[in-house]
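Asks: I have a structure I would like to understand better, so I am pasting it below and will then ask my questions one at a time.
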Amino acid sequence: MPDYFLQLDRHLFYFINHNLANPFFDWIMPWLRNPKFWIPLYLFIIGFCIYKFKKQGLIIILLLALSAGFADFTSASIIKKLVKRDRPCRDIVVSKTDLVRVACGTGYSFPSTHATDHFAMAFFLIMLFYKKWRWIWLWAILWAGIISFAQVYVGVHFPIDVFCGALYGIFVGWMFSVLFKKISPGF
């Protein structure tokens with residue numbers, strides 16, 4: 001990555017990690033990035049899809065889980081190991097001032113697997129339901145975006161890690177939505 005982008009990324013990280021700091025964010029952001037916090041939403045999606053769409057609902061849930069699993073595996077086990085970018089808490093420049101609000105985490109930073117996974121699921125759902133419920137765009141992007149923003153705020157990812165993770169997740173979600181439309185063309 002060119003030095004200009006690294007500097008811009010570090011400055012944007014500092015702005016989010018320091019300048020936006022406040023007691024409410026300090027309390028809520030660690031929760032928002034925790035998958036256990038979102039269990040009620042995941043259970044609602046599962047229940048809603050099965051109740052509303054029966055057999056196709058099971059296929060939706062299966063492909064939703066596969067999109068998240070594929071995004072997670074390729075992001076964490078392939079891309080991160082190829083890029084090998086340090087997390088902000090281990091970056092030689094940023095670590096001196098980084099406000100780490102959760103454990104630093106193991107492994108590398110690029111891309112953010114949280115962003116990849118959640119944008120894959122969000123975009124998969126958007127592609128399936130946007131014609132029925134136009135508002136799903138707002139809520140799905142807001143959900144994935146909040147989780148992604150929290151990664152930067154708590155100090156475990158740079159903004160470019162989250163941005164690229166989101167783009168990759170969108171691609172994965174789209175890919176699995178195309179697969180679903182091939183399996184269930186009349187949906």
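Identifiers for the structure tokens are assigned positionally: chains receive A, B, ... in sequence, residues are indexed from 1 per chain, and ligands are indexed from 1 in the order shown.
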Counting only C-alpha atoms, what is within 6 Å of stretch 63-80 of chain A, bar same-chain residues fewer than 3 positions away, as number ranges by chain?

Replies: A: 60, 83-84, 108, 110, 113, 116-117, 121

Asks: Using the selection just defined, write its residues with all heavy atoms as a compact mmCIF listing (two decimals), in the first residue's frame.

Replies:
# COMPACT_ATOMS: atom_id res chain seq x y z
N ILE A 60 -32.50 -20.58 2.35
CA ILE A 60 -31.98 -19.24 2.65
C ILE A 60 -31.04 -19.30 3.84
O ILE A 60 -29.92 -18.75 3.79
CB ILE A 60 -33.14 -18.25 2.92
CG1 ILE A 60 -33.92 -17.98 1.63
CG2 ILE A 60 -32.61 -16.94 3.50
CD1 ILE A 60 -35.23 -17.24 1.84
N VAL A 83 -1.61 -11.05 3.07
CA VAL A 83 -1.32 -9.62 3.22
C VAL A 83 -0.42 -9.36 4.43
O VAL A 83 0.50 -8.54 4.36
CB VAL A 83 -2.63 -8.81 3.32
CG1 VAL A 83 -2.35 -7.34 3.59
CG2 VAL A 83 -3.45 -8.98 2.04
N LYS A 84 -0.68 -10.01 5.54
CA LYS A 84 0.12 -9.90 6.78
C LYS A 84 0.23 -8.47 7.31
O LYS A 84 1.31 -8.01 7.68
CB LYS A 84 1.52 -10.49 6.57
CG LYS A 84 1.50 -11.96 6.27
CD LYS A 84 2.90 -12.51 6.11
CE LYS A 84 2.82 -14.00 5.83
NZ LYS A 84 4.11 -14.61 5.65
N TYR A 108 -3.71 -11.26 11.92
CA TYR A 108 -3.49 -10.02 11.19
C TYR A 108 -4.77 -9.20 11.08
O TYR A 108 -5.84 -9.63 11.49
CB TYR A 108 -2.92 -10.34 9.81
CG TYR A 108 -1.55 -10.96 9.87
CD1 TYR A 108 -1.36 -12.30 9.55
CD2 TYR A 108 -0.46 -10.21 10.25
CE1 TYR A 108 -0.10 -12.87 9.61
CE2 TYR A 108 0.82 -10.77 10.31
CZ TYR A 108 0.99 -12.11 9.99
OH TYR A 108 2.23 -12.67 10.05
N PHE A 110 -5.82 -7.20 8.04
CA PHE A 110 -6.45 -6.96 6.74
C PHE A 110 -6.86 -8.24 6.05
O PHE A 110 -6.00 -9.10 5.84
CB PHE A 110 -5.49 -6.20 5.82
CG PHE A 110 -6.10 -5.85 4.49
CD1 PHE A 110 -6.74 -4.65 4.32
CD2 PHE A 110 -6.03 -6.73 3.43
CE1 PHE A 110 -7.31 -4.32 3.09
CE2 PHE A 110 -6.59 -6.42 2.20
CZ PHE A 110 -7.23 -5.21 2.04
N THR A 113 -12.37 -9.45 9.35
CA THR A 113 -13.26 -10.59 9.15
C THR A 113 -14.66 -10.28 9.68
O THR A 113 -15.65 -10.75 9.10
CB THR A 113 -12.66 -11.85 9.80
OG1 THR A 113 -11.38 -12.09 9.19
CG2 THR A 113 -13.53 -13.06 9.57
N THR A 116 -16.21 -8.48 6.81
CA THR A 116 -16.43 -9.40 5.70
C THR A 116 -17.65 -10.28 5.96
O THR A 116 -18.54 -10.38 5.12
CB THR A 116 -15.17 -10.28 5.48
OG1 THR A 116 -14.05 -9.43 5.23
CG2 THR A 116 -15.36 -11.22 4.32
N ASP A 117 -17.70 -10.89 7.13
CA ASP A 117 -18.80 -11.80 7.45
C ASP A 117 -20.15 -11.09 7.46
O ASP A 117 -21.13 -11.57 6.87
CB ASP A 117 -18.59 -12.43 8.84
CG ASP A 117 -17.34 -13.28 8.92
OD1 ASP A 117 -16.68 -13.51 7.88
OD2 ASP A 117 -17.02 -13.72 10.03
N MET A 121 -23.43 -11.47 4.87
CA MET A 121 -24.79 -11.81 5.27
C MET A 121 -25.77 -10.70 4.91
O MET A 121 -26.87 -10.97 4.41
CB MET A 121 -24.84 -12.10 6.78
CG MET A 121 -24.13 -13.38 7.17
SD MET A 121 -24.37 -13.81 8.90
CE MET A 121 -23.41 -12.55 9.74

Asks: Please provide as a tab-separated table (two decimals) with C-alpha atoms, in the first residue's frame all residues within 10 Å of stretch 37-51 of chain A, with the sequence filter that same-chain residues fewer than 6 positions apart are discarded (counting only C-alpha atoms).

Replies:
chain	number	residue	atom	x	y	z
A	30	PRO	CA	-17.40	-3.63	22.55
A	31	TRP	CA	-20.90	-5.12	22.77
A	57	GLY	CA	-36.47	-20.56	4.12
A	58	LEU	CA	-34.25	-23.50	5.04
A	59	ILE	CA	-32.29	-22.96	1.83
A	60	ILE	CA	-31.98	-19.24	2.65
A	61	ILE	CA	-30.65	-20.03	6.13
A	62	LEU	CA	-28.23	-22.63	4.76
A	64	LEU	CA	-26.74	-17.37	4.59
A	125	LEU	CA	-30.31	-10.76	2.54
A	143	TRP	CA	-26.27	-3.44	11.01

Asks: Just the helix (DSSP H, G or I) stuff from chain A, please, per backbone DSSP, written as a PDB file with C-alpha atoms, in the first residue's frame.

Replies:
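What landed in out23.pdb:
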ATOM      1  CA  ASP A   3       2.670   5.510   1.998  1.00  0.00           C
ATOM      2  CA  TYR A   4       0.042   8.206   1.350  1.00  0.00           C
ATOM      3  CA  PHE A   5      -2.779   5.687   1.931  1.00  0.00           C
ATOM      4  CA  LEU A   6      -1.092   4.338   5.062  1.00  0.00           C
ATOM      5  CA  GLN A   7      -0.868   7.843   6.512  1.00  0.00           C
ATOM      6  CA  LEU A   8      -4.471   8.635   5.599  1.00  0.00           C
ATOM      7  CA  ASP A   9      -5.593   5.322   7.099  1.00  0.00           C
ATOM      8  CA  ARG A  10      -3.692   6.029  10.328  1.00  0.00           C
ATOM      9  CA  HIS A  11      -5.145   9.553  10.555  1.00  0.00           C
ATOM     10  CA  LEU A  12      -8.681   8.302  10.021  1.00  0.00           C
ATOM     11  CA  PHE A  13      -8.068   5.565  12.590  1.00  0.00           C
ATOM     12  CA  TYR A  14      -6.888   8.175  15.095  1.00  0.00           C
ATOM     13  CA  PHE A  15      -9.955  10.321  14.449  1.00  0.00           C
ATOM     14  CA  ILE A  16     -12.346   7.410  15.074  1.00  0.00           C
ATOM     15  CA  ASN A  17     -10.361   5.860  17.931  1.00  0.00           C
ATOM     16  CA  HIS A  18      -9.601   9.138  19.768  1.00  0.00           C
ATOM     17  CA  ASN A  19     -11.656  12.093  18.593  1.00  0.00           C
ATOM     18  CA  PRO A  23     -18.399   7.140  27.523  1.00  0.00           C
ATOM     19  CA  PHE A  24     -21.425   5.823  25.613  1.00  0.00           C
ATOM     20  CA  PHE A  25     -19.319   4.509  22.700  1.00  0.00           C
ATOM     21  CA  ASP A  26     -16.783   3.103  25.187  1.00  0.00           C
ATOM     22  CA  TRP A  27     -19.622   1.092  26.712  1.00  0.00           C
ATOM     23  CA  ILE A  28     -21.625   0.061  23.615  1.00  0.00           C
ATOM     24  CA  MET A  29     -18.993  -0.555  20.907  1.00  0.00           C
ATOM     25  CA  PRO A  30     -17.403  -3.627  22.546  1.00  0.00           C
ATOM     26  CA  TRP A  31     -20.905  -5.121  22.773  1.00  0.00           C
ATOM     27  CA  LEU A  32     -21.781  -4.324  19.173  1.00  0.00           C
ATOM     28  CA  PRO A  35     -21.408 -11.960  17.957  1.00  0.00           C
ATOM     29  CA  LYS A  36     -23.299 -13.031  21.102  1.00  0.00           C
ATOM     30  CA  PHE A  37     -24.936  -9.590  21.232  1.00  0.00           C
ATOM     31  CA  TRP A  38     -26.587 -10.288  17.880  1.00  0.00           C
ATOM     32  CA  ILE A  39     -27.956 -13.766  18.723  1.00  0.00           C
ATOM     33  CA  PRO A  40     -31.551 -12.451  19.015  1.00  0.00           C
ATOM     34  CA  LEU A  41     -31.291 -10.979  15.504  1.00  0.00           C
ATOM     35  CA  TYR A  42     -29.853 -14.221  14.096  1.00  0.00           C
ATOM     36  CA  LEU A  43     -32.627 -16.246  15.774  1.00  0.00           C
ATOM     37  CA  PHE A  44     -35.238 -13.843  14.392  1.00  0.00           C
ATOM     38  CA  ILE A  45     -33.837 -14.207  10.848  1.00  0.00           C
ATOM     39  CA  ILE A  46     -33.837 -18.006  11.149  1.00  0.00           C
ATOM     40  CA  GLY A  47     -37.334 -18.149  12.605  1.00  0.00           C
ATOM     41  CA  PHE A  48     -38.748 -15.610  10.153  1.00  0.00           C
ATOM     42  CA  CYS A  49     -37.298 -17.353   7.100  1.00  0.00           C
ATOM     43  CA  ILE A  50     -38.521 -20.774   8.164  1.00  0.00           C
ATOM     44  CA  TYR A  51     -41.964 -19.485   9.176  1.00  0.00           C
ATOM     45  CA  LYS A  52     -42.493 -17.291   6.102  1.00  0.00           C
ATOM     46  CA  PHE A  53     -40.776 -19.316   3.386  1.00  0.00           C
ATOM     47  CA  LYS A  54     -40.838 -22.943   4.687  1.00  0.00           C
ATOM     48  CA  LYS A  55     -38.545 -25.107   2.515  1.00  0.00           C
ATOM     49  CA  GLN A  56     -37.054 -22.116   0.706  1.00  0.00           C
ATOM     50  CA  GLY A  57     -36.470 -20.556   4.125  1.00  0.00           C
ATOM     51  CA  LEU A  58     -34.251 -23.500   5.041  1.00  0.00           C
ATOM     52  CA  ILE A  59     -32.289 -22.962   1.825  1.00  0.00           C
ATOM     53  CA  ILE A  60     -31.984 -19.242   2.651  1.00  0.00           C
ATOM     54  CA  ILE A  61     -30.646 -20.033   6.129  1.00  0.00           C
ATOM     55  CA  LEU A  62     -28.229 -22.635   4.759  1.00  0.00           C
ATOM     56  CA  LEU A  63     -26.840 -20.263   2.108  1.00  0.00           C
ATOM     57  CA  LEU A  64     -26.744 -17.372   4.587  1.00  0.00           C
ATOM     58  CA  ALA A  65     -24.617 -19.505   6.913  1.00  0.00           C
ATOM     59  CA  LEU A  66     -22.471 -20.673   4.008  1.00  0.00           C
ATOM     60  CA  SER A  67     -21.922 -17.081   2.842  1.00  0.00           C
ATOM     61  CA  ALA A  68     -20.723 -16.099   6.317  1.00  0.00           C
ATOM     62  CA  GLY A  69     -18.605 -19.243   6.598  1.00  0.00           C
ATOM     63  CA  PHE A  70     -17.026 -18.779   3.179  1.00  0.00           C
ATOM     64  CA  ALA A  71     -16.356 -15.088   3.869  1.00  0.00           C
ATOM     65  CA  ASP A  72     -14.881 -15.935   7.265  1.00  0.00           C
ATOM     66  CA  PHE A  73     -12.634 -18.726   6.017  1.00  0.00           C
ATOM     67  CA  THR A  74     -11.279 -16.923   2.968  1.00  0.00           C
ATOM     68  CA  SER A  75     -10.792 -13.662   4.858  1.00  0.00           C
ATOM     69  CA  ALA A  76      -9.138 -15.090   7.980  1.00  0.00           C
ATOM     70  CA  SER A  77      -7.301 -18.099   6.583  1.00  0.00           C
ATOM     71  CA  ILE A  78      -6.245 -16.950   3.124  1.00  0.00           C
ATOM     72  CA  ILE A  79      -6.275 -13.168   2.604  1.00  0.00           C
ATOM     73  CA  LYS A  80      -4.945 -12.188   6.042  1.00  0.00           C
ATOM     74  CA  LYS A  81      -2.080 -14.658   5.730  1.00  0.00           C
ATOM     75  CA  LEU A  82      -1.181 -13.323   2.285  1.00  0.00           C
ATOM     76  CA  VAL A  83      -1.317  -9.621   3.224  1.00  0.00           C
ATOM     77  CA  VAL A  94      -0.188   3.615  15.930  1.00  0.00           C
ATOM     78  CA  SER A  95       0.370   1.317  18.902  1.00  0.00           C
ATOM     79  CA  LYS A  96       1.957   4.174  20.833  1.00  0.00           C
ATOM     80  CA  THR A 113     -13.261 -10.586   9.149  1.00  0.00           C
ATOM     81  CA  HIS A 114     -16.099  -9.073  11.196  1.00  0.00           C
ATOM     82  CA  ALA A 115     -16.784  -6.670   8.314  1.00  0.00           C
ATOM     83  CA  THR A 116     -16.428  -9.400   5.704  1.00  0.00           C
ATOM     84  CA  ASP A 117     -18.804 -11.802   7.455  1.00  0.00           C
ATOM     85  CA  HIS A 118     -21.491  -9.281   8.304  1.00  0.00           C
ATOM     86  CA  PHE A 119     -21.485  -7.557   4.935  1.00  0.00           C
ATOM     87  CA  ALA A 120     -21.693 -10.969   3.238  1.00  0.00           C
ATOM     88  CA  MET A 121     -24.790 -11.814   5.274  1.00  0.00           C
ATOM     89  CA  ALA A 122     -26.277  -8.325   4.904  1.00  0.00           C
ATOM     90  CA  PHE A 123     -25.822  -8.203   1.150  1.00  0.00           C
ATOM     91  CA  PHE A 124     -27.107 -11.763   0.717  1.00  0.00           C
ATOM     92  CA  LEU A 125     -30.309 -10.761   2.543  1.00  0.00           C
ATOM     93  CA  ILE A 126     -30.556  -7.498   0.602  1.00  0.00           C
ATOM     94  CA  MET A 127     -30.285  -9.276  -2.735  1.00  0.00           C
ATOM     95  CA  LEU A 128     -33.002 -11.739  -1.746  1.00  0.00           C
ATOM     96  CA  PHE A 129     -35.507  -9.343  -0.191  1.00  0.00           C
ATOM     97  CA  ILE A 136     -33.971  -3.840   4.098  1.00  0.00           C
ATOM     98  CA  TRP A 137     -31.120  -1.931   2.419  1.00  0.00           C
ATOM     99  CA  LEU A 138     -31.018   0.597   5.219  1.00  0.00           C
ATOM    100  CA  TRP A 139     -31.248  -1.843   8.115  1.00  0.00           C
ATOM    101  CA  ALA A 140     -28.872  -4.477   6.717  1.00  0.00           C
ATOM    102  CA  ILE A 141     -26.190  -1.925   5.795  1.00  0.00           C
ATOM    103  CA  LEU A 142     -26.664  -0.135   9.123  1.00  0.00           C
ATOM    104  CA  TRP A 143     -26.268  -3.442  11.006  1.00  0.00           C
ATOM    105  CA  ALA A 144     -23.080  -4.464   9.160  1.00  0.00           C
ATOM    106  CA  GLY A 145     -21.779  -0.880   9.197  1.00  0.00           C
ATOM    107  CA  ILE A 146     -22.163  -0.483  12.972  1.00  0.00           C
ATOM    108  CA  ILE A 147     -20.302  -3.722  13.587  1.00  0.00           C
ATOM    109  CA  SER A 148     -17.563  -2.607  11.192  1.00  0.00           C
ATOM    110  CA  PHE A 149     -17.285   0.860  12.723  1.00  0.00           C
ATOM    111  CA  ALA A 150     -16.960  -0.750  16.156  1.00  0.00           C
ATOM    112  CA  GLN A 151     -13.863  -2.634  14.955  1.00  0.00           C
ATOM    113  CA  VAL A 152     -12.065   0.645  14.361  1.00  0.00           C
ATOM    114  CA  TYR A 153     -13.441   2.382  17.435  1.00  0.00           C
ATOM    115  CA  PRO A 159     -10.512   1.822   8.479  1.00  0.00           C
ATOM    116  CA  ILE A 160      -9.109   0.386   5.228  1.00  0.00           C
ATOM    117  CA  ASP A 161      -9.282  -3.119   6.757  1.00  0.00           C
ATOM    118  CA  VAL A 162     -12.971  -2.600   7.442  1.00  0.00           C
ATOM    119  CA  PHE A 163     -13.697  -0.925   4.099  1.00  0.00           C
ATOM    120  CA  CYS A 164     -12.023  -3.674   2.063  1.00  0.00           C
ATOM    121  CA  GLY A 165     -13.586  -6.344   4.267  1.00  0.00           C
ATOM    122  CA  ALA A 166     -16.990  -4.795   3.558  1.00  0.00           C
ATOM    123  CA  LEU A 167     -16.347  -4.747  -0.204  1.00  0.00           C
ATOM    124  CA  TYR A 168     -15.220  -8.363  -0.165  1.00  0.00           C
ATOM    125  CA  GLY A 169     -18.221  -9.314   1.983  1.00  0.00           C
ATOM    126  CA  ILE A 170     -20.566  -7.601  -0.477  1.00  0.00           C
ATOM    127  CA  PHE A 171     -19.019  -9.649  -3.285  1.00  0.00           C
ATOM    128  CA  VAL A 172     -19.433 -12.897  -1.306  1.00  0.00           C
ATOM    129  CA  GLY A 173     -23.043 -12.037  -0.389  1.00  0.00           C
ATOM    130  CA  TRP A 174     -23.828 -11.271  -4.011  1.00  0.00           C
ATOM    131  CA  MET A 175     -22.192 -14.529  -5.131  1.00  0.00           C
ATOM    132  CA  PHE A 176     -24.306 -16.599  -2.726  1.00  0.00           C
ATOM    133  CA  SER A 177     -27.462 -14.708  -3.727  1.00  0.00           C
ATOM    134  CA  VAL A 178     -26.794 -15.674  -7.347  1.00  0.00           C
ATOM    135  CA  LEU A 179     -26.422 -19.287  -6.196  1.00  0.00           C
ATOM    136  CA  PHE A 180     -29.728 -19.055  -4.317  1.00  0.00           C
ATOM    137  CA  LYS A 181     -31.497 -17.666  -7.394  1.00  0.00           C
ATOM    138  CA  LYS A 182     -30.189 -20.607  -9.420  1.00  0.00           C
ATOM    139  CA  ILE A 183     -31.436 -23.072  -6.778  1.00  0.00           C
TER     140      ILE A 183
END

Asks: Give me, please, the distance in Å between atom CA of A:Cys104 and atom CA of A:Arg87, quoted to one decimal.

Replies: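 Rounded to one decimal, the two atoms are 7.7 Å apart.
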
Asks: Which residue gives the smallest distance to A:Asn34 among A:Ser109, A:Val102, A:Val93, A:Phe187, with only C-alpha atoms counted?

Replies: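 Of A:Ser109, A:Val102, A:Val93, A:Phe187, the one nearest A:Asn34, counting only C-alpha atoms, is A:Val102.
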